[in-house]
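Undergrad: Dropping the structure in here first, questions after.
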Amino acid sequence: MTSRVSGSVTAVLGPTNTGKTHLAIERMCAHSSGIIGFPLRLLAREVYDRVVAIKGADQVALVTGEEKIVPPNARWFLCTAESMPGHEAAFVALDEAQLGADPERGHIFTDRLMHMRGREETMILGSEALRPMVKALVPKAEIVGRPRFSTLSYAGAKKISRLPKRSAIVAFSAEEVYAVAEMLRRLRGGAAVVMGALSPRTRNAQVAMFQAGEVDYLVATDAIGMGLNMDVSHVAFASLNKFDGRRQRRLTVAEMAQIAGRAGRHQRDGTFGAVSEEGPGAFLPEEVLAIEEHRFPNIEGLYWREGDPDLSSIESLVADLERRPPADLPLRAAPQSVDLAVLKRLSEEAWVRDRARGVAGVRRLWAACQIPDFRKLGLDPHARFVERVFRHLSEGRGHVPHQWFADEIARLDTVAGDVETLAGRLSAIRSWAYIAQRPDWLADPRHWAGRAREIEERLSDGLHASLTQRFVDKRTTALIRRIGADAGALPVTIGPEGEVLVEDHPIGRLDGFRFSVEPGARAGDKRLLLAAAEKRLGSERGRRAAALVAAADTDFRLDEGGLDDDRGIAIAWQGEGGWHRVARLEPGATLARPRIRLDRDLDCLDKGTRDGVAARLERWLIAQVARRAPVLAALGEAMRDPAATSAFRAVTAAVEAAGGLVPRWPLRLSLDALTPEERRRLRKLGITVGALDLFDPRLLKPAAAALRRALLAVRGPASPLPPDGATVLPRGTAGATLDSGFRPLGAQAVRIDLVERIARAAHDARQGRKPFAPDPALATSMGLEPPTLARLMAELGFQGLKGEAGRWVWRGRPPARPLARPVTSDPGNAFAGLSGLFGHG
């Protein structure tokens, strides 16, 4: 420890943005030597850079657990509180001294506050709430209060999408930080990320982006509350709860104020608020008032642990570390920290107790136990790591083996992986950097400290690049600003793949007539991107419309899925870059003439061009129907013939509505009412009036069937298509329905034109009322199973009988007009008759 014989002691207390740290730096630089202890490595590094600019690199040292830059002639030391050196200095300062009330690290700050003194001057910097503690523990200290330079006011709750530029959003876990940063990338083009676990190199690179205006938002943990100075105008709290290592709790008002105080620097006012208007994430009125007026409850006690324990034995060391603080001082015993827990765990091992003998052995054991758990693995894994380190330190020459150290850091020396992976490697390399900074733990500590620093720098650069890639779109942000300044002056070109470029920067794609803004551009910027591309896109869409009107019929097709959702039928056009959906079919007056609704992306075309596109699509659709399914158009005209009888119009309307395939049974009365001339007219249209169904055989061909199904799908759900060339399908498979041209019969479904062929063959084979046996070859060639044929013959009105030699034959004279409806139950002897018919006895 620094000599307790000291000069003046001054406690400079006040809220954030009072210039306390700046004052301490000025006072230190006015002395011949000095030491300042900071709560964070990041802050120590930031101030180190400032003092180097004043005094020169050969005069200034940086000392933290993982990093030591100590020139031979160093006179001014910037350190973390834990790493403050014990030599004498003219000036000593402790920053954020109120952290003595922190359960985890408070005992360190309390010890420094009570014992670290400068030969000529000592400064204690902290919150006004620390005043009672300073009076009690340092009664001779002069206490100086400093007012805030600027006003801090509450700005209410604002959603993340509505936060003003130059805002910092504070979250309390890495997962929450990443989630907020990802949201800002989508909504606002990106954000810088600052967390206490970042290396100074990564943190500085991220902050530099924010300070330079490359991004307008910063997402951070509460690390920014510890004096990290940035150009922040507004601080928004994503949450007001944090996990403090033991439990999830609400922030104290002092903690809220420490973080909120980062808004506004020097003479610029700042604001704070939340992203939630109600619930646990919202500020209470009394909290807002206390933060604005900088009134917080006084700290009633600081955590304490013996800073200079007895190292004569493990027992005496543990006893000193667990000793209660003096009763006459406002001090509390510090909760058991990780280093003490590891010490007690290792002291249970016999070999540890055997090797940790005498002051030197206990000192070495205690030093190993104080390796921080940078990786946050928990007590057991960290204790095993410390145990292995101490085993090496207590045997042989007392050095960590070169090969083990080299292998472990080499394993970390890769920048492959995502943000979380790189952050994990950075945490791991900090442990090895800490070991390398110990002067007597390695045979060549300077070499290995350099190697660890090189790896940390590579990982830091990799993490910065990964954070930037994941949470920032620099190109889009910069381009949007240029577009916002002068959208009309930017040259817009369209690449061969439909990419739309402004000054060689892609801002979106033109697929057919649809322009899509580049993914990642925030919602508010899409309007600007569209404005930049609008003039050039208008002429390009006009050129493409002319190409569509002149396109051949083969350049169009019907697609499943409409333009706005996955339902319905769209017309696609094969233009530049592939197939593009340009219109949607909607129900029309007839099945063959659906209405054509153009894609809304064609609304930008003039009316004449749009009418020309619609007319071209209509001509193509009419031609498709005329070529593949002419019966559908003919039925549409026939059912509207005013000269036809009502029976004829009823039949043609029913067949048209069903797409040219309909069962006969529901139409039996209208069919009976048709005149001979009307029956001939139906045949002339192409309709076969079969024994069981009315159909046009042409519609069963694959191309016609696909068109028919598409037209039916315009009106509603349509049955799936059967496989091309199928004649018989297993019942229940795709297309095995009457809607698709297959009549279900037992376990099979038979194509309806083949059903008619069998019906005619049976009619030709019968001789009056005599039993007959139709040629089984026809059914066999089609793949009909005996039960299927039995079911069909039954539906046709025939009855199976046992004939000579046990063979079954058929008898019956179907009605003049067949049943044309399914049989509700199988005839008792039908299947046996079929077995005989096929020669199975």
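Here's how to read the names in the structure tokens: chain A, B, ... by the order shown, residue numbers from 1 in each chain, ligand numbers from 1 in the order shown.
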Show me, as a PDB file with N, CA and C atoms, in the first residue's frame, the residues that have an atom within 12 Å of range 51-55 of chain A when counting only C-alpha atoms, minus same-chain residues fewer than 3 positions from it.
TA:
```pdb
ATOM      1  N   HIS A  22     -12.095  14.848 -14.637  1.00  0.00           N
ATOM      2  CA  HIS A  22     -11.248  15.817 -15.332  1.00  0.00           C
ATOM      3  C   HIS A  22     -10.407  16.608 -14.337  1.00  0.00           C
ATOM      4  N   ALA A  24      -9.398  15.560 -11.376  1.00  0.00           N
ATOM      5  CA  ALA A  24      -8.363  14.676 -10.839  1.00  0.00           C
ATOM      6  C   ALA A  24      -7.203  14.529 -11.817  1.00  0.00           C
ATOM      7  N   ILE A  25      -7.505  14.447 -13.106  1.00  0.00           N
ATOM      8  CA  ILE A  25      -6.438  14.330 -14.105  1.00  0.00           C
ATOM      9  C   ILE A  25      -5.581  15.598 -14.099  1.00  0.00           C
ATOM     10  N   GLU A  26      -6.241  16.744 -14.046  1.00  0.00           N
ATOM     11  CA  GLU A  26      -5.478  18.003 -14.010  1.00  0.00           C
ATOM     12  C   GLU A  26      -4.591  18.087 -12.783  1.00  0.00           C
ATOM     13  N   ARG A  27      -5.122  17.696 -11.624  1.00  0.00           N
ATOM     14  CA  ARG A  27      -4.343  17.763 -10.393  1.00  0.00           C
ATOM     15  C   ARG A  27      -3.177  16.773 -10.443  1.00  0.00           C
ATOM     16  N   MET A  28      -3.410  15.573 -10.964  1.00  0.00           N
ATOM     17  CA  MET A  28      -2.322  14.601 -11.038  1.00  0.00           C
ATOM     18  C   MET A  28      -1.195  15.117 -11.922  1.00  0.00           C
ATOM     19  N   CYS A  29      -1.585  15.671 -13.085  1.00  0.00           N
ATOM     20  CA  CYS A  29      -0.568  16.144 -14.016  1.00  0.00           C
ATOM     21  C   CYS A  29       0.207  17.338 -13.468  1.00  0.00           C
ATOM     22  N   ALA A  30      -0.321  17.982 -12.458  1.00  0.00           N
ATOM     23  CA  ALA A  30       0.389  19.106 -11.841  1.00  0.00           C
ATOM     24  C   ALA A  30       1.417  18.639 -10.826  1.00  0.00           C
ATOM     25  N   HIS A  31       1.394  17.342 -10.472  1.00  0.00           N
ATOM     26  CA  HIS A  31       2.339  16.793  -9.508  1.00  0.00           C
ATOM     27  C   HIS A  31       3.460  16.053 -10.236  1.00  0.00           C
ATOM     28  N   SER A  32       4.500  15.766  -9.488  1.00  0.00           N
ATOM     29  CA  SER A  32       5.653  15.065 -10.069  1.00  0.00           C
ATOM     30  C   SER A  32       5.373  13.601 -10.329  1.00  0.00           C
ATOM     31  N   SER A  33       4.381  13.037  -9.686  1.00  0.00           N
ATOM     32  CA  SER A  33       3.995  11.637  -9.902  1.00  0.00           C
ATOM     33  C   SER A  33       2.560  11.471  -9.425  1.00  0.00           C
ATOM     34  N   GLY A  34       1.925  10.391  -9.851  1.00  0.00           N
ATOM     35  CA  GLY A  34       0.540  10.210  -9.435  1.00  0.00           C
ATOM     36  C   GLY A  34      -0.028   8.857  -9.791  1.00  0.00           C
ATOM     37  N   ILE A  35      -1.089   8.499  -9.090  1.00  0.00           N
ATOM     38  CA  ILE A  35      -1.807   7.243  -9.318  1.00  0.00           C
ATOM     39  C   ILE A  35      -3.296   7.551  -9.240  1.00  0.00           C
ATOM     40  N   ILE A  36      -4.064   7.061 -10.203  1.00  0.00           N
ATOM     41  CA  ILE A  36      -5.525   7.142 -10.117  1.00  0.00           C
ATOM     42  C   ILE A  36      -6.080   5.729 -10.300  1.00  0.00           C
ATOM     43  N   ALA A  44      -9.909   3.186 -17.298  1.00  0.00           N
ATOM     44  CA  ALA A  44      -8.476   3.375 -17.083  1.00  0.00           C
ATOM     45  C   ALA A  44      -7.764   3.577 -18.418  1.00  0.00           C
ATOM     46  N   ARG A  45      -8.152   2.802 -19.422  1.00  0.00           N
ATOM     47  CA  ARG A  45      -7.529   2.931 -20.731  1.00  0.00           C
ATOM     48  C   ARG A  45      -7.865   4.280 -21.373  1.00  0.00           C
ATOM     49  N   GLU A  46      -9.097   4.730 -21.221  1.00  0.00           N
ATOM     50  CA  GLU A  46      -9.502   6.007 -21.803  1.00  0.00           C
ATOM     51  C   GLU A  46      -8.693   7.154 -21.210  1.00  0.00           C
ATOM     52  N   VAL A  47      -8.536   7.166 -19.890  1.00  0.00           N
ATOM     53  CA  VAL A  47      -7.779   8.240 -19.238  1.00  0.00           C
ATOM     54  C   VAL A  47      -6.285   8.099 -19.541  1.00  0.00           C
ATOM     55  N   TYR A  48      -5.809   6.848 -19.628  1.00  0.00           N
ATOM     56  CA  TYR A  48      -4.394   6.634 -19.991  1.00  0.00           C
ATOM     57  C   TYR A  48      -4.081   7.316 -21.324  1.00  0.00           C
ATOM     58  N   ASP A  58       6.364   7.634 -22.648  1.00  0.00           N
ATOM     59  CA  ASP A  58       7.454   7.117 -21.820  1.00  0.00           C
ATOM     60  C   ASP A  58       7.321   7.508 -20.356  1.00  0.00           C
ATOM     61  N   GLN A  59       6.337   8.351 -20.033  1.00  0.00           N
ATOM     62  CA  GLN A  59       6.162   8.811 -18.664  1.00  0.00           C
ATOM     63  C   GLN A  59       4.897   8.257 -17.994  1.00  0.00           C
ATOM     64  N   VAL A  60       4.053   7.572 -18.760  1.00  0.00           N
ATOM     65  CA  VAL A  60       2.722   7.180 -18.275  1.00  0.00           C
ATOM     66  C   VAL A  60       2.575   5.664 -18.319  1.00  0.00           C
ATOM     67  N   ALA A  61       1.988   5.097 -17.269  1.00  0.00           N
ATOM     68  CA  ALA A  61       1.797   3.647 -17.175  1.00  0.00           C
ATOM     69  C   ALA A  61       0.307   3.323 -17.105  1.00  0.00           C
ATOM     70  N   LEU A  62      -0.027   2.181 -17.658  1.00  0.00           N
ATOM     71  CA  LEU A  62      -1.377   1.608 -17.542  1.00  0.00           C
ATOM     72  C   LEU A  62      -1.235   0.269 -16.839  1.00  0.00           C
ATOM     73  N   ILE A  69       1.317  -1.631 -19.098  1.00  0.00           N
ATOM     74  CA  ILE A  69       2.241  -0.842 -19.917  1.00  0.00           C
ATOM     75  C   ILE A  69       2.990   0.052 -18.942  1.00  0.00           C
ATOM     76  N   PRO A  71       6.477   1.862 -18.655  1.00  0.00           N
ATOM     77  CA  PRO A  71       7.810   2.291 -19.099  1.00  0.00           C
ATOM     78  C   PRO A  71       8.757   2.403 -17.900  1.00  0.00           C
ATOM     79  N   ASN A  73      10.640   4.685 -16.875  1.00  0.00           N
ATOM     80  CA  ASN A  73      10.622   5.976 -16.197  1.00  0.00           C
ATOM     81  C   ASN A  73       9.203   6.475 -15.915  1.00  0.00           C
ATOM     82  N   ALA A  74       8.241   5.542 -15.848  1.00  0.00           N
ATOM     83  CA  ALA A  74       6.851   5.945 -15.654  1.00  0.00           C
ATOM     84  C   ALA A  74       6.676   6.662 -14.316  1.00  0.00           C
ATOM     85  N   ARG A  75       5.933   7.753 -14.347  1.00  0.00           N
ATOM     86  CA  ARG A  75       5.677   8.541 -13.138  1.00  0.00           C
ATOM     87  C   ARG A  75       4.182   8.683 -12.841  1.00  0.00           C
ATOM     88  N   TRP A  76       3.376   8.553 -13.850  1.00  0.00           N
ATOM     89  CA  TRP A  76       1.928   8.676 -13.654  1.00  0.00           C
ATOM     90  C   TRP A  76       1.252   7.355 -14.027  1.00  0.00           C
ATOM     91  N   PHE A  77       0.506   6.792 -13.105  1.00  0.00           N
ATOM     92  CA  PHE A  77      -0.081   5.468 -13.260  1.00  0.00           C
ATOM     93  C   PHE A  77      -1.600   5.576 -13.309  1.00  0.00           C
ATOM     94  N   LEU A  78      -2.191   4.989 -14.357  1.00  0.00           N
ATOM     95  CA  LEU A  78      -3.645   4.868 -14.482  1.00  0.00           C
ATOM     96  C   LEU A  78      -3.989   3.397 -14.328  1.00  0.00           C
TER      97      LEU A  78
END
```
Undergrad: I'd like the contact shell of range 711-725 of chain A - 6 Å cut-off, only C-alpha atoms, skipping same-chain residues fewer than 6 positions apart - returned as a list in words.
TA: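 So, after excluding close chain neighbours, the residues are Gly568, Glu586, Pro587, Pro702, Ala734 and Gly735 of chain A.
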Undergrad: Mind checking DSSP for range 648-703 of chain A and telling me the helix (DSSP H, G or I) residues as a PyMOL selection string?
TA: chain A and resi 648-657+665-672+676-685+697-700+702-703
Undergrad: Restricting the calculation to only C-alpha atoms, which member of A:Phe91, A:Phe272, A:Phe648, A:Phe513 is positioned closest to Glu121 in chain A?
TA: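 Selected residue with least distance to Glu121 in chain A: A:Phe91.
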Undergrad: Find the spatial neighbours of Gly100 in chain A, counting only C-alpha atoms, within a cut-off of 12 Å - ignore same-chain residues fewer than 5 positions away - and output them as a PDB file with C-alpha atoms, in the first residue's frame.
TA:
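Once everything was written out, this is result09.pdb:
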```pdb
ATOM      1  CA  PRO A  39     -13.631   1.059 -11.503  1.00  0.00           C
ATOM      2  CA  ALA A  81      -8.739  -0.074  -8.286  1.00  0.00           C
ATOM      3  CA  LEU A  94      -9.805   6.988  -6.274  1.00  0.00           C
ATOM      4  CA  ASP A  95     -12.660   7.370  -8.796  1.00  0.00           C
ATOM      5  CA  ARG A 105     -16.046  -5.390  -5.238  1.00  0.00           C
ATOM      6  CA  GLY A 106     -16.884  -2.942  -2.458  1.00  0.00           C
ATOM      7  CA  HIS A 107     -14.189  -4.108  -0.055  1.00  0.00           C
ATOM      8  CA  ILE A 108     -11.501  -3.142  -2.610  1.00  0.00           C
ATOM      9  CA  PHE A 109     -12.780   0.428  -2.893  1.00  0.00           C
ATOM     10  CA  THR A 110     -13.244   0.705   0.865  1.00  0.00           C
ATOM     11  CA  ASP A 111      -9.654  -0.372   1.452  1.00  0.00           C
ATOM     12  CA  ARG A 112      -8.330   2.135  -1.114  1.00  0.00           C
ATOM     13  CA  LEU A 113     -10.505   4.904   0.336  1.00  0.00           C
ATOM     14  CA  MET A 114      -9.201   4.258   3.840  1.00  0.00           C
ATOM     15  CA  ILE A 124     -11.652  10.837  -3.330  1.00  0.00           C
ATOM     16  CA  LEU A 125     -14.185  11.124  -6.164  1.00  0.00           C
ATOM     17  CA  GLY A 126     -17.735   9.931  -5.832  1.00  0.00           C
ATOM     18  CA  SER A 127     -21.428  10.506  -5.371  1.00  0.00           C
ATOM     19  CA  ALA A 129     -24.388   9.972  -1.112  1.00  0.00           C
ATOM     20  CA  LEU A 130     -20.866   9.039   0.026  1.00  0.00           C
ATOM     21  CA  MET A 133     -18.890   7.626   4.893  1.00  0.00           C
ATOM     22  CA  VAL A 134     -16.108  10.084   4.117  1.00  0.00           C
ATOM     23  CA  LEU A 137     -13.731   7.001   7.676  1.00  0.00           C
ATOM     24  CA  ILE A 299     -24.870   5.402   1.923  1.00  0.00           C
ATOM     25  CA  GLU A 300     -25.094   3.987   5.456  1.00  0.00           C
ATOM     26  CA  GLY A 301     -22.226   1.513   5.275  1.00  0.00           C
ATOM     27  CA  LEU A 302     -19.388   0.245   3.070  1.00  0.00           C
ATOM     28  CA  TYR A 303     -18.259  -3.321   2.580  1.00  0.00           C
ATOM     29  CA  TRP A 304     -14.964  -4.220   4.204  1.00  0.00           C
ATOM     30  CA  ARG A 305     -12.473  -7.055   4.170  1.00  0.00           C
ATOM     31  CA  PRO A 330     -19.805   2.132   9.542  1.00  0.00           C
ATOM     32  CA  LEU A 331     -18.468  -0.973   7.799  1.00  0.00           C
ATOM     33  CA  ARG A 332     -20.077  -4.266   6.827  1.00  0.00           C
ATOM     34  CA  ALA A 333     -18.388  -7.604   6.363  1.00  0.00           C
ATOM     35  CA  ALA A 334     -18.062  -8.285   2.660  1.00  0.00           C
TER      36      ALA A 334
END
```
Undergrad: Which residue, A:Ser781, A:Glu420, A:Pro15, A:Arg146, has the smallest gap to Ile259 in chain A when you use only C-alpha atoms?
TA: A:Pro15
Undergrad: With only C-alpha atoms as the counted atoms, please give the residues lying no more than 9 Å from range 536-552 of chain A, apart from itself and same-chain residues fewer than 3 positions off, as a VMD selection string.
TA: chain A and resid 491 to 494 500 510 512 to 513 515 532 to 533 555 to 556 573 to 576 602 604 to 606 609 to 610 612 to 617 620
Undergrad: Create the file for the chosen residues now, containing N, CA and C atoms and written as a CSV table (one decimal), in the first residue's frame.
TA:
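Written output follows (selection25.csv):
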```csv
chain,number,residue,atom,x,y,z
A,491,PRO,N,-27.3,9.0,-59.8
A,491,PRO,CA,-27.5,8.2,-60.9
A,491,PRO,C,-28.1,6.8,-60.5
A,492,VAL,N,-29.2,6.4,-61.1
A,492,VAL,CA,-29.8,5.1,-60.8
A,492,VAL,C,-29.6,4.2,-62.0
A,493,THR,N,-29.1,3.0,-61.8
A,493,THR,CA,-28.9,2.0,-62.9
A,493,THR,C,-29.6,0.7,-62.5
A,494,ILE,N,-29.9,-0.1,-63.5
A,494,ILE,CA,-30.5,-1.4,-63.2
A,494,ILE,C,-29.6,-2.5,-63.8
A,500,VAL,N,-31.1,-2.9,-58.5
A,500,VAL,CA,-31.2,-1.4,-58.7
A,500,VAL,C,-30.0,-0.8,-57.9
A,510,LEU,N,-35.5,-5.1,-58.8
A,510,LEU,CA,-36.7,-4.9,-59.6
A,510,LEU,C,-37.0,-6.3,-60.2
A,512,GLY,N,-39.5,-8.3,-62.2
A,512,GLY,CA,-40.6,-8.0,-63.0
A,512,GLY,C,-41.0,-6.5,-62.9
A,513,PHE,N,-42.1,-6.2,-62.3
A,513,PHE,CA,-42.5,-4.8,-62.0
A,513,PHE,C,-42.5,-4.5,-60.5
A,515,PHE,N,-40.6,-3.6,-57.1
A,515,PHE,CA,-39.3,-3.1,-56.6
A,515,PHE,C,-39.3,-3.5,-55.1
A,532,ALA,N,-35.4,7.9,-54.6
A,532,ALA,CA,-34.2,8.0,-55.4
A,532,ALA,C,-34.4,7.2,-56.7
A,533,ALA,N,-35.1,6.0,-56.6
A,533,ALA,CA,-35.2,5.2,-57.8
A,533,ALA,C,-36.4,5.4,-58.6
A,555,ASP,N,-44.5,-17.4,-73.3
A,555,ASP,CA,-43.8,-16.6,-72.3
A,555,ASP,C,-44.8,-16.3,-71.1
A,556,PHE,N,-46.0,-17.0,-71.1
A,556,PHE,CA,-46.9,-16.9,-70.0
A,556,PHE,C,-47.3,-18.2,-69.5
A,573,TRP,N,-45.2,-14.1,-66.1
A,573,TRP,CA,-44.6,-13.7,-67.4
A,573,TRP,C,-43.1,-13.9,-67.3
A,574,GLN,N,-42.6,-14.6,-68.3
A,574,GLN,CA,-41.1,-14.8,-68.4
A,574,GLN,C,-40.4,-13.6,-69.0
A,575,GLY,N,-40.0,-12.7,-68.1
A,575,GLY,CA,-39.3,-11.5,-68.6
A,575,GLY,C,-37.9,-11.5,-68.2
A,576,GLU,N,-37.3,-10.4,-68.0
A,576,GLU,CA,-35.9,-10.3,-67.7
A,576,GLU,C,-35.7,-10.8,-66.2
A,602,LEU,N,-48.0,-2.6,-61.0
A,602,LEU,CA,-48.2,-2.0,-62.3
A,602,LEU,C,-49.1,-0.7,-62.3
A,604,CYS,N,-48.2,2.0,-61.3
A,604,CYS,CA,-47.4,3.2,-61.6
A,604,CYS,C,-47.4,3.4,-63.1
A,605,LEU,N,-47.9,2.5,-63.9
A,605,LEU,CA,-47.9,2.7,-65.4
A,605,LEU,C,-49.1,3.6,-65.7
A,606,ASP,N,-49.0,4.2,-66.8
A,606,ASP,CA,-50.2,5.0,-67.3
A,606,ASP,C,-51.3,4.1,-67.7
A,609,THR,N,-51.1,2.0,-70.9
A,609,THR,CA,-50.1,0.9,-70.9
A,609,THR,C,-50.8,-0.2,-70.1
A,610,ARG,N,-51.4,0.1,-68.9
A,610,ARG,CA,-52.0,-0.9,-68.1
A,610,ARG,C,-53.1,-1.6,-68.9
A,612,GLY,N,-53.3,-2.0,-72.0
A,612,GLY,CA,-52.6,-2.9,-73.0
A,612,GLY,C,-52.1,-4.2,-72.4
A,613,VAL,N,-51.6,-4.1,-71.2
A,613,VAL,CA,-51.1,-5.3,-70.6
A,613,VAL,C,-52.3,-6.2,-70.2
A,614,ALA,N,-53.3,-5.7,-69.7
A,614,ALA,CA,-54.5,-6.5,-69.4
A,614,ALA,C,-55.1,-7.1,-70.6
A,615,ALA,N,-55.2,-6.4,-71.7
A,615,ALA,CA,-55.7,-7.0,-73.0
A,615,ALA,C,-54.8,-8.1,-73.5
A,616,ARG,N,-53.5,-8.0,-73.3
A,616,ARG,CA,-52.6,-9.0,-73.8
A,616,ARG,C,-52.8,-10.3,-73.0
A,617,LEU,N,-52.9,-10.1,-71.7
A,617,LEU,CA,-53.1,-11.3,-70.8
A,617,LEU,C,-54.4,-11.9,-71.1
A,620,TRP,N,-54.2,-14.0,-74.2
A,620,TRP,CA,-53.5,-15.3,-74.0
A,620,TRP,C,-54.3,-16.3,-73.3
```
Undergrad: Considering only C-alpha atoms, can you say which of A:Gly508, A:Pro325, A:Gly732, A:Pro697 comes closest to Arg683 in chain A?
TA: A:Pro697
Undergrad: What residues in range 278-403 of chain A get the DSSP label strand (DSSP E or B)? Please answer as a PDB file with N, CA and C atoms, in the first residue's frame.
TA:
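Ended up saving to selection_28.pdb:
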```
ATOM      1  N   LEU A 302     -20.202   0.769   4.160  1.00  0.00           N
ATOM      2  CA  LEU A 302     -19.388   0.245   3.070  1.00  0.00           C
ATOM      3  C   LEU A 302     -18.932  -1.173   3.411  1.00  0.00           C
ATOM      4  N   TYR A 303     -18.721  -1.956   2.377  1.00  0.00           N
ATOM      5  CA  TYR A 303     -18.259  -3.321   2.580  1.00  0.00           C
ATOM      6  C   TYR A 303     -16.758  -3.329   2.843  1.00  0.00           C
ATOM      7  N   TRP A 304     -16.357  -4.196   3.758  1.00  0.00           N
ATOM      8  CA  TRP A 304     -14.964  -4.220   4.204  1.00  0.00           C
ATOM      9  C   TRP A 304     -14.454  -5.653   4.294  1.00  0.00           C
ATOM     10  N   LEU A 331     -18.947   0.009   8.775  1.00  0.00           N
ATOM     11  CA  LEU A 331     -18.468  -0.973   7.799  1.00  0.00           C
ATOM     12  C   LEU A 331     -19.236  -2.271   7.953  1.00  0.00           C
ATOM     13  N   ARG A 332     -19.389  -2.974   6.847  1.00  0.00           N
ATOM     14  CA  ARG A 332     -20.077  -4.266   6.827  1.00  0.00           C
ATOM     15  C   ARG A 332     -19.112  -5.319   6.322  1.00  0.00           C
ATOM     16  N   ALA A 333     -19.235  -6.507   6.850  1.00  0.00           N
ATOM     17  CA  ALA A 333     -18.388  -7.604   6.363  1.00  0.00           C
ATOM     18  C   ALA A 333     -18.781  -7.920   4.928  1.00  0.00           C
TER      19      ALA A 333
END
```
Undergrad: Any idea what the distance is between CA of Gln336 in chain A and CA of Arg388 in chain A?
TA: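 Taking CA of Gln336 in chain A as the start and CA of Arg388 in chain A as the end point, the length is 22.2 Å.
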Undergrad: What lies within 7 Å of Val472 in chain A using only C-alpha atoms, ignoring chain neighbours under 2 positions off, as a PyMOL selection string?
TA: chain A and resi 185+189-191+468-470+474
